[in-house]
Number of protein chains: 2
Amino acid sequence: MTEIFAALAEPNRFRIVELLRSGPHPVNDIGKRLRLNQPQVSKHLRVLKNVGLVTVKPRAQERVYELRAKPLKEFHDWLERYRQLWDARFAELDELVVGLHKKEKINDRRKRN
Amino acid sequence: MTEIFAALAEPNRFRIVELLRSGPHPVNDIGKRLRLNQPQVSKHLRVLKNVGLVTVKPRAQERVYELRAKPLKEFHDWLERYRQLWDARFAELDELVVGLHKKEKINDRRKRN
DNA sequence: GTTGTATATGCCTTGACAGGAATATTTCTC
DNA sequence: GAGAAATATTCCTGTCAAGGCATATACAAC
């Protein structure tokens with residue numbers, strides 16, 4: 001999981017992933033669109049491939065890179081476990097607790113958890 | 001966005017975030033549970049705070065750190081834009097297109113995009 | 001096979017960052 | 001106010017990764 005984050009933490013790699021969201025692209029195409037030197041594009045793509053975020057398919061001399069669904073879905077599933085944090089229902093509950101806390105000086109339910 | 005990734009790319013910071021999912025914790029508590037030295041915990045928490053992933057509330061000498069909903073929701077929203085990649089419907093459509101491609105030699109719809 | 005195009009790899013330098021240890025700061029207790 | 005507890009900050013060192021540049025490899029067309 002942290003490997004995925006590390007891969008996406010690099011701004012240019014992030015841009016590459018965003019570009020690939022529109023579909024597969026060959027290396028040179030990526031370089032031109034994002035104004036990156038070819039070697040750096042290849043290196044970034046290697047990193048993305050090593051963590052499983054992309055796959056390659058050769059087409060003549062070209063190498064066409066494509067986003068992989070699986071790691072992104074796992075990523076999404078992981079984030080789902082945090083949903084309670086921003087769900088409206090939870091937020092309201094949180095407000096309620098804060099209110100009670102102010103008025104009645106009860107212990108915060110999170111105390112020492 | 002990439003700042004969030006960078007923050008979560010560090011394994012110990014990731015563990016801290018996972019721990020905080022269960023609710024707010026003071027620094028020392030985090031250190032003991034994750035077997036980390038106190039200075040490192042403080043440093044990691046500072047990074048998490050700088051990118052907006054956590055907030056602090058003082059309680060006597062303790063500093064209680066808590067996850068923030070907003071960046072996690074934004075994170076989630078960003079990932080939603082990739083949903084098409086793993087949605088079953090899309091996968092089926094993809095298979096269909098591949099099938100047509102093999103049989104009829106039509107152009108791949110992604111070609112040269 | 002030679003040339004041209006597309007991509008990958010290697011080397012080098014530089015900057016960023018994590019952990020360890022020591023120290024400073026804040027707040028509580030008495 | 002003195003000492004203790006909890007946390008933050010600083011300095012140091014080693015490691016790792018990114019970009020620039022040169023070069024190697026793969027495939028194509030003739």
# chains A, B, ... in the order shown; residues from 1 in each chain; ligands from 1
>>> closest_atom_pairs(of="chain B", to="chain A", cutoff="8 Å", atoms="only C-alpha atoms", output="CSV")
residue,atom,partner,partner_atom,distance
B:Thr2,CA,A:Ala9,CA,4.7
B:Glu3,CA,A:Ala9,CA,6.6
B:Ile4,CA,A:Ala9,CA,7.6
B:Phe5,CA,A:Ala9,CA,4.7
B:Ala6,CA,A:Ala9,CA,4.7
B:Leu8,CA,A:Phe5,CA,6.2
B:Ala9,CA,A:Ala6,CA,4.7
B:Glu10,CA,A:Thr2,CA,6.7
B:Pro11,CA,A:Thr2,CA,6.2
B:Phe14,CA,A:Thr2,CA,7.3
B:Arg21,CA,A:Tyr82,CA,6.9
B:Gly23,CA,A:Arg110,CA,6.4
B:Pro24,CA,A:Arg110,CA,6.4
B:His25,CA,A:Asn113,CA,6.7
B:Pro26,CA,A:Arg112,CA,7.8
B:Arg68,CA,A:Leu85,CA,7.6
B:Ala69,CA,A:Trp86,CA,5.0
B:Lys70,CA,A:Trp86,CA,6.9
B:Leu72,CA,A:Tyr82,CA,7.5
B:Lys73,CA,A:Trp86,CA,6.3
B:His76,CA,A:Leu79,CA,6.6
B:Leu79,CA,A:His76,CA,6.6
B:Glu80,CA,A:His76,CA,7.9
B:Tyr82,CA,A:Arg21,CA,6.9
B:Arg83,CA,A:Lys73,CA,7.7
B:Leu85,CA,A:Ala69,CA,5.2
B:Trp86,CA,A:Ala69,CA,5.0
B:Arg110,CA,A:Gly23,CA,6.0
B:Lys111,CA,A:Pro24,CA,7.7
B:Arg112,CA,A:His25,CA,6.8
B:Asn113,CA,A:Gly23,CA,6.9
>>> select_by_dssp(residues="segment 52-89 of chain A", states="helix (DSSP H, G or I)", output="JSON, numbers by chain")
{"A": [69, 70, 71, 72, 73, 74, 75, 76, 77, 78, 79, 80, 83, 84, 85, 88, 89]}
>>> select_by_dssp(residues="segment 2-107 of chain B", states="strand (DSSP E)", output="list in words")
His25, Pro26, Val54, Thr55, Val56, Lys57, Pro58, Arg59, Glu62, Arg63, Val64, Tyr65, Glu66 and Leu67 of chain B
>>> closest_atom_pairs(of="chain B", to="chain D", cutoff="12 Å", atoms="only C-alpha atoms (C1' of nucleotides)", output="Markdown table")
| residue | atom | partner | partner_atom | distance |
| --- | --- | --- | --- | --- |
| B:Pro26 | CA | D:DA6 | C1' | 9.3 |
| B:Val27 | CA | D:DT7 | C1' | 7.5 |
| B:Asn28 | CA | D:DA6 | C1' | 7.5 |
| B:Asp29 | CA | D:DA6 | C1' | 10.7 |
| B:Gly31 | CA | D:DT7 | C1' | 11.7 |
| B:Asn37 | CA | D:DT7 | C1' | 11.8 |
| B:Gln38 | CA | D:DT7 | C1' | 8.1 |
| B:Pro39 | CA | D:DA8 | C1' | 7.7 |
| B:Gln40 | CA | D:DA8 | C1' | 10.4 |
| B:Val41 | CA | D:DT7 | C1' | 9.8 |
| B:Ser42 | CA | D:DA8 | C1' | 6.9 |
| B:Lys43 | CA | D:DA8 | C1' | 8.3 |
| B:His44 | CA | D:DA8 | C1' | 11.6 |
| B:Leu45 | CA | D:DA8 | C1' | 10.7 |
| B:Arg46 | CA | D:DA8 | C1' | 9.5 |
| B:Val56 | CA | D:DT7 | C1' | 11.9 |
| B:Pro58 | CA | D:DT7 | C1' | 10.4 |
| B:Arg59 | CA | D:DA6 | C1' | 10.3 |
| B:Ala60 | CA | D:DA6 | C1' | 8.9 |
| B:Gln61 | CA | D:DA6 | C1' | 5.3 |
| B:Glu62 | CA | D:DA6 | C1' | 5.6 |
| B:Arg63 | CA | D:DT7 | C1' | 7.3 |
| B:Val64 | CA | D:DT7 | C1' | 10.6 |
>>> interface_residues(of="chain C", to="chain A", cutoff="9 Å", atoms="only C-alpha atoms (C1' of nucleotides)", output="PDB file with C-alpha atoms (C1' of nucleotides), in the first residue's frame")
ATOM      1  C1'  DT C   5      12.658   5.695 -34.780  1.00  0.00           C
ATOM      2  C1'  DA C   6      11.159   4.438 -30.120  1.00  0.00           C
ATOM      3  C1'  DT C   7      12.419   3.057 -25.720  1.00  0.00           C
ATOM      4  C1'  DA C   8      15.375   1.453 -21.903  1.00  0.00           C
ATOM      5  C1'  DT C   9      19.485   1.617 -19.014  1.00  0.00           C
TER       6       DT C   9
END
